[in-house]
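Next up, protein_21.txt (compact mmCIF, C-alpha atoms):
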```txt
# COMPACT_ATOMS: atom_id res chain seq x y z
CA MET A 26 -107.40 -36.32 -9.73
CA ILE A 27 -107.45 -37.13 -13.45
CA ARG A 28 -110.64 -35.27 -14.07
CA ARG A 29 -109.57 -32.16 -12.16
CA PRO A 30 -105.79 -31.86 -12.41
CA LEU A 31 -105.71 -28.14 -11.53
CA GLY A 32 -107.71 -28.59 -8.34
CA THR A 33 -105.49 -31.49 -7.34
CA LEU A 34 -102.36 -29.39 -7.91
CA ALA A 35 -103.79 -26.54 -5.83
CA VAL A 36 -104.61 -28.89 -2.94
CA LEU A 37 -101.11 -30.35 -3.00
CA THR A 38 -99.55 -26.87 -3.07
CA VAL A 39 -101.59 -25.73 -0.06
CA ALA A 40 -100.76 -28.88 1.85
CA GLY A 41 -97.02 -28.51 1.16
CA ALA A 42 -96.98 -24.87 2.24
CA TRP A 43 -98.88 -25.67 5.44
CA GLY A 44 -96.51 -28.46 6.25
CA ALA A 45 -93.44 -26.27 5.69
CA ILE A 46 -94.86 -23.56 7.94
CA SER A 47 -95.67 -26.08 10.66
CA VAL A 48 -92.19 -27.64 10.57
CA ASN A 49 -90.58 -24.19 10.71
CA ALA A 50 -92.74 -23.08 13.62
CA LEU A 51 -92.44 -26.24 15.69
CA LEU A 52 -88.95 -27.55 14.99
CA LEU A 53 -86.72 -24.92 13.41
CA GLN A 54 -87.23 -21.96 15.84
CA GLU A 55 -84.55 -21.52 18.56
CA GLY A 56 -86.72 -19.56 21.03
CA PRO A 57 -90.31 -20.15 22.18
CA HIS A 58 -93.09 -19.26 19.74
CA PRO A 59 -95.32 -16.33 20.75
CA ALA A 60 -98.46 -18.47 20.06
CA PRO A 61 -97.54 -22.11 20.59
CA LEU A 62 -99.87 -24.86 19.40
CA LEU A 63 -99.35 -26.93 22.56
CA GLY A 64 -101.08 -24.30 24.75
CA ARG A 65 -98.14 -23.24 26.92
CA ASP A 66 -97.92 -19.46 27.28
CA GLN A 67 -94.23 -18.56 27.10
CA ARG A 68 -94.62 -14.92 26.15
CA GLN A 69 -93.36 -13.84 29.57
CA ALA A 70 -89.92 -15.19 28.71
CA LEU A 71 -89.75 -12.87 25.71
CA THR A 72 -90.26 -9.72 27.83
CA VAL A 73 -86.79 -10.08 29.38
CA LEU A 74 -84.47 -8.27 27.00
CA PRO A 75 -80.78 -9.09 26.87
CA GLN A 76 -78.50 -6.75 28.76
CA PRO A 77 -76.10 -4.67 26.66
CA SER A 78 -72.50 -5.66 26.70
CA PRO A 79 -70.04 -3.51 28.68
CA ALA A 80 -68.46 -2.29 25.43
CA HIS A 81 -71.71 -0.57 24.40
CA ARG A 82 -72.50 1.09 27.73
CA VAL A 83 -72.33 4.90 27.82
CA ALA A 84 -70.11 6.32 30.55
CA ALA A 85 -71.77 8.69 32.97
CA VAL A 86 -70.83 12.37 32.58
CA ASP A 87 -69.76 14.18 35.72
CA PRO A 88 -71.62 17.55 35.79
CA VAL A 89 -68.93 19.13 37.99
CA ASP A 90 -66.09 18.30 35.58
CA HIS A 91 -68.20 19.46 32.66
CA ALA A 92 -68.83 22.84 34.29
CA ALA A 93 -65.14 23.22 35.19
CA GLU A 94 -64.17 22.47 31.60
CA LEU A 95 -66.60 25.12 30.34
CA ASP A 96 -65.13 27.64 32.79
CA ARG A 97 -61.59 26.86 31.62
CA ARG A 98 -62.58 27.30 28.00
CA ALA A 99 -64.31 30.61 28.74
CA ALA A 100 -61.25 31.87 30.64
CA ALA A 101 -58.94 30.84 27.79
CA GLU A 102 -61.14 32.59 25.21
CA ARG A 103 -61.26 35.77 27.33
CA ALA A 104 -57.46 35.76 27.76
CA ALA A 105 -56.98 35.33 24.01
CA LEU A 106 -59.39 38.21 23.35
CA ILE A 107 -57.55 40.49 25.79
CA VAL A 108 -54.20 39.62 24.18
CA ASP A 109 -55.58 40.55 20.75
CA ILE A 110 -56.97 43.84 22.10
CA GLN A 111 -53.69 44.66 23.83
CA SER A 112 -51.75 43.97 20.64
CA ALA A 113 -54.12 46.06 18.50
CA LEU A 114 -54.01 48.98 20.96
CA ALA A 115 -50.21 48.75 21.24
CA ARG A 116 -49.88 49.09 17.45
CA ARG A 117 -51.83 52.37 17.74
CA ASN A 118 -49.83 53.72 20.74
CA PHE A 119 -52.73 53.41 23.19
CA TYR A 120 -51.27 50.53 25.22
CA HIS A 121 -47.69 50.38 26.53
CA GLY A 122 -47.70 47.29 28.73
CA ALA A 123 -47.03 43.58 28.39
CA LEU A 124 -49.17 41.37 26.13
CA ASP A 125 -50.10 39.02 28.98
CA GLY A 126 -53.87 38.59 28.51
CA VAL A 127 -54.58 39.97 32.00
CA PHE A 128 -57.30 42.61 32.28
CA GLY A 129 -55.80 45.08 34.73
CA PRO A 130 -55.86 48.85 35.32
CA ARG A 131 -53.45 49.61 32.47
CA THR A 132 -55.49 47.67 29.92
CA GLU A 133 -58.71 49.25 31.18
CA ALA A 134 -57.20 52.74 30.91
CA ALA A 135 -55.93 52.03 27.37
CA ILE A 136 -59.38 50.82 26.27
CA ARG A 137 -61.03 53.88 27.81
CA ASP A 138 -58.55 56.23 26.12
CA TYR A 139 -59.23 54.64 22.74
CA GLU A 140 -62.99 54.80 23.25
CA LEU A 141 -62.83 58.48 24.16
CA ALA A 142 -60.58 59.24 21.19
CA ALA A 143 -62.87 57.31 18.83
CA GLY A 144 -66.06 58.93 20.16
CA LEU A 145 -67.39 55.74 21.75
CA ALA A 146 -68.98 55.28 25.15
CA PRO A 147 -66.11 54.96 27.67
CA THR A 148 -66.71 51.51 29.15
CA GLY A 149 -63.13 50.30 29.55
CA GLN A 150 -64.25 46.69 29.01
CA PRO A 151 -62.86 44.25 26.40
CA SER A 152 -65.20 42.84 23.77
CA ALA A 153 -65.14 41.37 20.28
CA GLU A 154 -66.86 44.49 18.92
CA LEU A 155 -64.11 46.68 20.39
CA LEU A 156 -61.41 44.48 18.82
CA ALA A 157 -63.08 44.73 15.40
CA HIS A 158 -63.40 48.53 15.77
CA VAL A 159 -59.70 48.91 16.67
CA ARG A 160 -58.59 46.74 13.75
CA LEU A 161 -60.69 48.67 11.23
CA SER A 162 -59.91 52.12 12.65
CA THR A 163 -57.07 54.36 11.47
CA LEU A 164 -56.91 56.29 14.76
CA THR A 165 -53.41 56.49 16.25
CA ALA A 166 -52.32 58.09 19.50
CA PRO A 167 -49.24 60.34 19.55
CA PRO A 168 -46.06 58.49 20.51
CA VAL A 169 -44.94 58.67 24.11
CA PRO A 170 -41.87 60.97 24.42
CA PRO A 171 -38.76 59.44 25.98
CA PRO A 172 -38.25 60.38 29.64
CA HIS A 173 -35.74 63.05 30.56
CA PRO A 174 -32.45 61.66 31.96
CA LEU A 175 -32.87 63.63 35.22
CA ARG A 176 -36.52 62.67 35.67
CA GLN A 177 -37.44 59.89 38.07
CA THR A 178 -39.57 57.52 36.01
CA ALA A 179 -42.04 55.07 37.44
CA VAL A 180 -41.31 51.39 37.20
CA ALA A 181 -43.99 49.49 35.29
CA ALA A 182 -45.71 47.02 37.61
CA PRO A 183 -47.49 43.84 36.43
CA GLU A 184 -51.20 44.18 35.97
CA MET A 185 -53.52 42.81 38.64
CA GLU A 186 -57.16 41.90 38.18
CA ALA A 187 -57.99 42.84 41.77
CA PRO A 188 -56.06 44.17 44.78
CA PRO A 189 -54.56 41.31 46.81
CA PRO A 190 -56.51 40.56 50.01
CA THR A 191 -54.77 41.42 53.23
CA ASP A 192 -55.71 41.07 56.85
CA ALA A 193 -53.13 43.53 58.19
CA ALA A 194 -54.39 46.91 59.27
CA ALA A 195 -53.41 49.93 57.19
CA PRO A 196 -50.54 51.95 58.69
CA PRO A 197 -51.33 55.41 60.06
CA PRO A 198 -51.11 58.27 57.56
CA ARG A 199 -48.01 59.68 59.23
CA GLN A 200 -46.19 56.36 59.00
CA ALA A 201 -47.26 55.94 55.36
CA ALA A 202 -46.05 59.45 54.52
CA GLY A 203 -42.78 58.77 56.32
CA ALA A 204 -42.23 55.50 54.46
CA ALA A 205 -42.95 57.22 51.13
CA ALA A 206 -40.54 60.00 52.02
CA GLU A 207 -37.84 57.44 52.83
CA ALA A 208 -38.45 55.68 49.51
CA ALA A 209 -38.25 58.97 47.56
CA PRO A 210 -34.91 59.70 45.92
CA ALA A 211 -32.68 62.17 47.67
CA PRO A 212 -32.51 65.66 46.12
CA ILE A 213 -29.49 66.52 44.05
CA PRO A 214 -27.01 68.39 46.25
CA VAL A 215 -26.16 71.90 45.09
CA ARG A 216 -22.63 73.09 45.59
CA THR A 217 -22.45 76.53 47.16
CA VAL A 218 -19.57 78.73 46.13
CA THR A 219 -18.54 81.51 48.48
CA ILE A 220 -17.02 84.49 46.75
CA ALA A 221 -14.61 86.30 49.04
CA GLY A 222 -13.19 89.70 48.70
CA ALA A 223 -14.49 93.10 49.65
CA GLY A 224 -15.92 95.25 46.96
CA ASP A 225 -16.65 92.28 44.64
CA PRO A 226 -19.73 93.25 42.54
CA VAL A 227 -20.77 89.58 42.07
CA ALA A 228 -20.72 88.94 45.82
CA GLU A 229 -22.72 92.06 46.49
CA LEU A 230 -25.28 91.07 43.84
CA LEU A 231 -25.68 87.59 45.36
CA ALA A 232 -26.04 89.10 48.84
CA GLN A 233 -28.79 91.42 47.66
CA ASN A 234 -30.65 88.73 45.59
CA PRO A 235 -30.18 85.34 47.24
CA LEU A 236 -31.13 82.21 45.31
CA PRO A 237 -34.56 80.75 46.17
CA PRO A 238 -34.51 77.51 48.16
CA ALA A 239 -34.99 74.25 46.28
CA PRO A 240 -38.58 72.95 46.36
CA LEU A 241 -39.23 70.20 48.85
CA VAL A 242 -40.19 66.79 47.50
CA ASP A 243 -43.45 65.46 48.98
CA GLY A 244 -43.20 61.69 49.16
CA ARG A 245 -46.95 61.18 49.24
CA ILE A 246 -47.50 63.26 46.10
CA GLN A 247 -44.65 61.44 44.39
CA SER A 248 -46.22 58.06 45.20
CA VAL A 249 -49.59 59.25 43.87
CA GLN A 250 -47.91 60.47 40.68
CA ARG A 251 -46.26 57.08 40.16
CA VAL A 252 -49.56 55.19 40.57
CA LEU A 253 -51.45 57.61 38.29
CA ALA A 254 -48.75 57.23 35.64
CA GLU A 255 -49.04 53.44 35.81
CA LEU A 256 -52.81 53.73 35.35
CA GLY A 257 -52.34 55.92 32.27
CA TYR A 258 -53.53 59.28 33.66
CA ALA A 259 -50.34 61.27 32.70
CA PRO A 260 -49.66 63.29 35.88
CA GLY A 261 -46.55 64.91 34.40
CA SER A 262 -43.14 64.76 36.04
CA ILE A 263 -42.72 62.44 39.03
CA ASP A 264 -41.27 65.27 41.12
CA GLY A 265 -43.43 65.32 44.26
CA GLN A 266 -45.02 68.65 43.34
CA LEU A 267 -48.77 69.16 43.00
CA SER A 268 -48.55 70.69 39.53
CA SER A 269 -51.39 71.49 37.15
CA ALA A 270 -50.79 68.24 35.24
CA THR A 271 -50.98 66.27 38.48
CA ARG A 272 -54.21 68.03 39.49
CA ARG A 273 -55.70 67.32 36.06
CA ALA A 274 -54.77 63.63 36.37
CA ILE A 275 -56.38 63.51 39.84
CA GLU A 276 -59.53 65.12 38.46
CA ASP A 277 -59.68 62.60 35.58
CA PHE A 278 -59.37 59.72 38.05
CA GLN A 279 -62.08 61.23 40.27
CA ILE A 280 -64.41 61.60 37.27
CA ASP A 281 -63.85 57.98 36.19
CA ARG A 282 -64.51 56.68 39.72
CA GLY A 283 -67.49 58.90 40.53
CA LEU A 284 -65.70 60.88 43.25
CA PRO A 285 -66.11 64.60 43.96
CA VAL A 286 -63.91 66.46 41.47
CA THR A 287 -61.57 68.51 43.65
CA GLY A 288 -58.09 67.90 42.22
CA GLU A 289 -56.83 67.40 45.77
CA ILE A 290 -55.29 64.36 47.46
CA SER A 291 -58.03 63.53 49.94
CA PRO A 292 -58.35 60.40 52.12
CA ARG A 293 -61.23 59.14 49.97
CA PHE A 294 -59.14 59.64 46.83
CA LEU A 295 -56.23 57.72 48.37
CA ASP A 296 -58.51 54.84 49.39
CA GLU A 297 -60.00 54.58 45.90
CA LEU A 298 -56.59 54.80 44.21
CA SER A 299 -55.23 52.06 46.50
CA ALA A 300 -58.23 49.83 45.76
CA VAL A 301 -57.84 50.23 41.98
CA SER A 302 -54.06 49.87 41.75
CA GLY A 303 -53.40 47.45 44.61
CA VAL A 304 -50.67 49.76 45.96
CA ARG A 305 -51.09 50.87 49.55
CA LEU A 306 -50.77 54.64 49.82
```

Please render this file's structure as structure tokens.
Amino acid sequence: MIRRPLGTLAVLTVAGAWGAISVNALLLQEGPHPAPLLGRDQRQALTVLPQPSPAHRVAAVDPVDHAAELDRRAAAERAALIVDIQSALARRNFYHGALDGVFGPRTEAAIRDYELAAGLAPTGQPSAELLAHVRLSTLTAPPVPPPHPLRQTAVAAPEMEAPPPTDAAAPPPRQAAGAAAEAAPAPIPVRTVTIAGAGDPVAELLAQNPLPPAPLVDGRIQSVQRVLAELGYAPGSIDGQLSSATRRAIEDFQIDRGLPVTGEISPRFLDELSAVSGVRL
């Protein structure tokens, strides 16, 4: 040790380190050692991992609720888009209904009218591209003139996404025409003045040229005019007469629905108009 002090110091250092490692491995470890010196294989005990606490467990996600939530979000986004389109079209006199976010016949007709006026493909469907086009466009429809005081105006009905299902059979055409005739307003009575006295030139003139009879009001045509007006086809006056404006509105509806363009009120036209508007004709 005196002759070789460095070697002695190295041996003591190695011995101290080995002893510290042995004490740590044999006495200071809480769990079993993976390679024990006593020969007992306790590695199997280490393969059992501790279970996570309930606070760290991830709750299971219900796929049905997740899909329903996605559907609700999609419906809310579509309703918000339709409200924005209705508001933008109303500012340009293309839409004259309520800002309710419901895609019904009136909204579809307003979108189609704007697309035709702007030179776009008439789809009648709401989209983000359509909303951006309306907001950036300067196109404005002419204002709707106020109705005449003596004209029977149609009452605006709430929009419907689809006609309500019904199990009742449709009434016969005669009964439907009779019900429409009963619902039609009564014609304005005309007071007849009888001019007496022989040799009266006014009486003789009236006797030679009698006044023409007042036109009869067709209840079925009047009902069709009301529905076409609600859909935005502008059939003219709601007077029960098959005028040129009414025929043009019928032809426009037949073109949009792929029907034969006749301008007449046919059974197929009535069925298609009832299916679109939800009003039984």

Requested in this report: Would you list the contacts of region 266-281 of chain A as an NGL selection string, taking every protein, DNA or RNA residue within 9 Å and counting only C-alpha atoms, but skipping same-chain residues closer than 3 positions in sequence?
Outcome: :A and (240-243 or 246-247 or 249-250 or 253-254 or 258-263 or 284-290 or 294 or 297-298)

Report task. Work out how far CA of Arg117 (chain A) is from CA of Glu102 (chain A), in Å to one decimal. Result ->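 Separating CA of Glu102 (chain A) from CA of Arg117 (chain A) is a distance of 23.1 Å.
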
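Going from CA of Ala134 (chain A) over to CA of Pro147 (chain A), you cover 9.7 Å.
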
Query raised in the report: Separation of CA of Leu31 (chain A) and CA of Ala50 (chain A), in Å?
Result: 28.7 Å

Listing only residues of region 100-121 of chain A within 9 Å of region 152-157 of chain A, what is the closest atom pair and its distance in Å (to one decimal) for each, using only C-alpha atoms, sorted by chain and residue number ascending, as a tab-separated table?
```
residue	atom	partner	partner_atom	distance
A:Arg103	CA	A:Ser152	CA	8.8
A:Leu106	CA	A:Ala153	CA	7.2
A:Ile107	CA	A:Ser152	CA	8.3
A:Asp109	CA	A:Leu156	CA	7.3
A:Ile110	CA	A:Leu156	CA	5.6
A:Ala113	CA	A:Leu156	CA	7.5
A:Leu114	CA	A:Leu156	CA	8.9
```

Writing out the chosen residues with C-alpha atoms as a compact mmCIF listing (two decimals), in the frame of the given file:
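Contents of part02.txt, as written:
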```txt
# COMPACT_ATOMS: atom_id res chain seq x y z
CA ARG A 103 -61.26 35.77 27.33
CA LEU A 106 -59.39 38.21 23.35
CA ILE A 107 -57.55 40.49 25.79
CA ASP A 109 -55.58 40.55 20.75
CA ILE A 110 -56.97 43.84 22.10
CA ALA A 113 -54.12 46.06 18.50
CA LEU A 114 -54.01 48.98 20.96
```

**Report entry** Neighbour list for Ala142 (chain A) as a ChimeraX atom specification, cut-off 12 Å, only C-alpha atoms, skip fewer than 2 positions in-chain
**Finding:** /A:117,119,135-140,144-147,159,162-167

Requested in this report: Name the residues in contact with Glu133 (chain A) at a cut-off of 9 Å, using all atoms listed in the file, excluding same-chain residues fewer than 3 positions from it; report them as a PyMOL selection string.
Outcome: chain A and resi 128-130+136-138+148-151+256

Using C-alpha atoms, can you write the selected residues to a file as a short mmCIF file (atom, residue, chain, number, x, y, z; two decimals), keeping the file's coordinate frame?
```
data_model
loop_
_atom_site.label_atom_id
_atom_site.label_comp_id
_atom_site.auth_asym_id
_atom_site.auth_seq_id
_atom_site.Cartn_x
_atom_site.Cartn_y
_atom_site.Cartn_z
CA PHE A 128 -57.30 42.61 32.28
CA GLY A 129 -55.80 45.08 34.73
CA PRO A 130 -55.86 48.85 35.32
CA ILE A 136 -59.38 50.82 26.27
CA ARG A 137 -61.03 53.88 27.81
CA ASP A 138 -58.55 56.23 26.12
CA THR A 148 -66.71 51.51 29.15
CA GLY A 149 -63.13 50.30 29.55
CA GLN A 150 -64.25 46.69 29.01
CA PRO A 151 -62.86 44.25 26.40
CA LEU A 256 -52.81 53.73 35.35
#
```

Query raised in the report: Using only C-alpha atoms, which residue out of A:Ala42, A:Leu306, A:Leu95, A:Ser47 lies closest to Ser291 (chain A)?
Result: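 Selected residue with least distance to Ser291 (chain A): A:Leu306.
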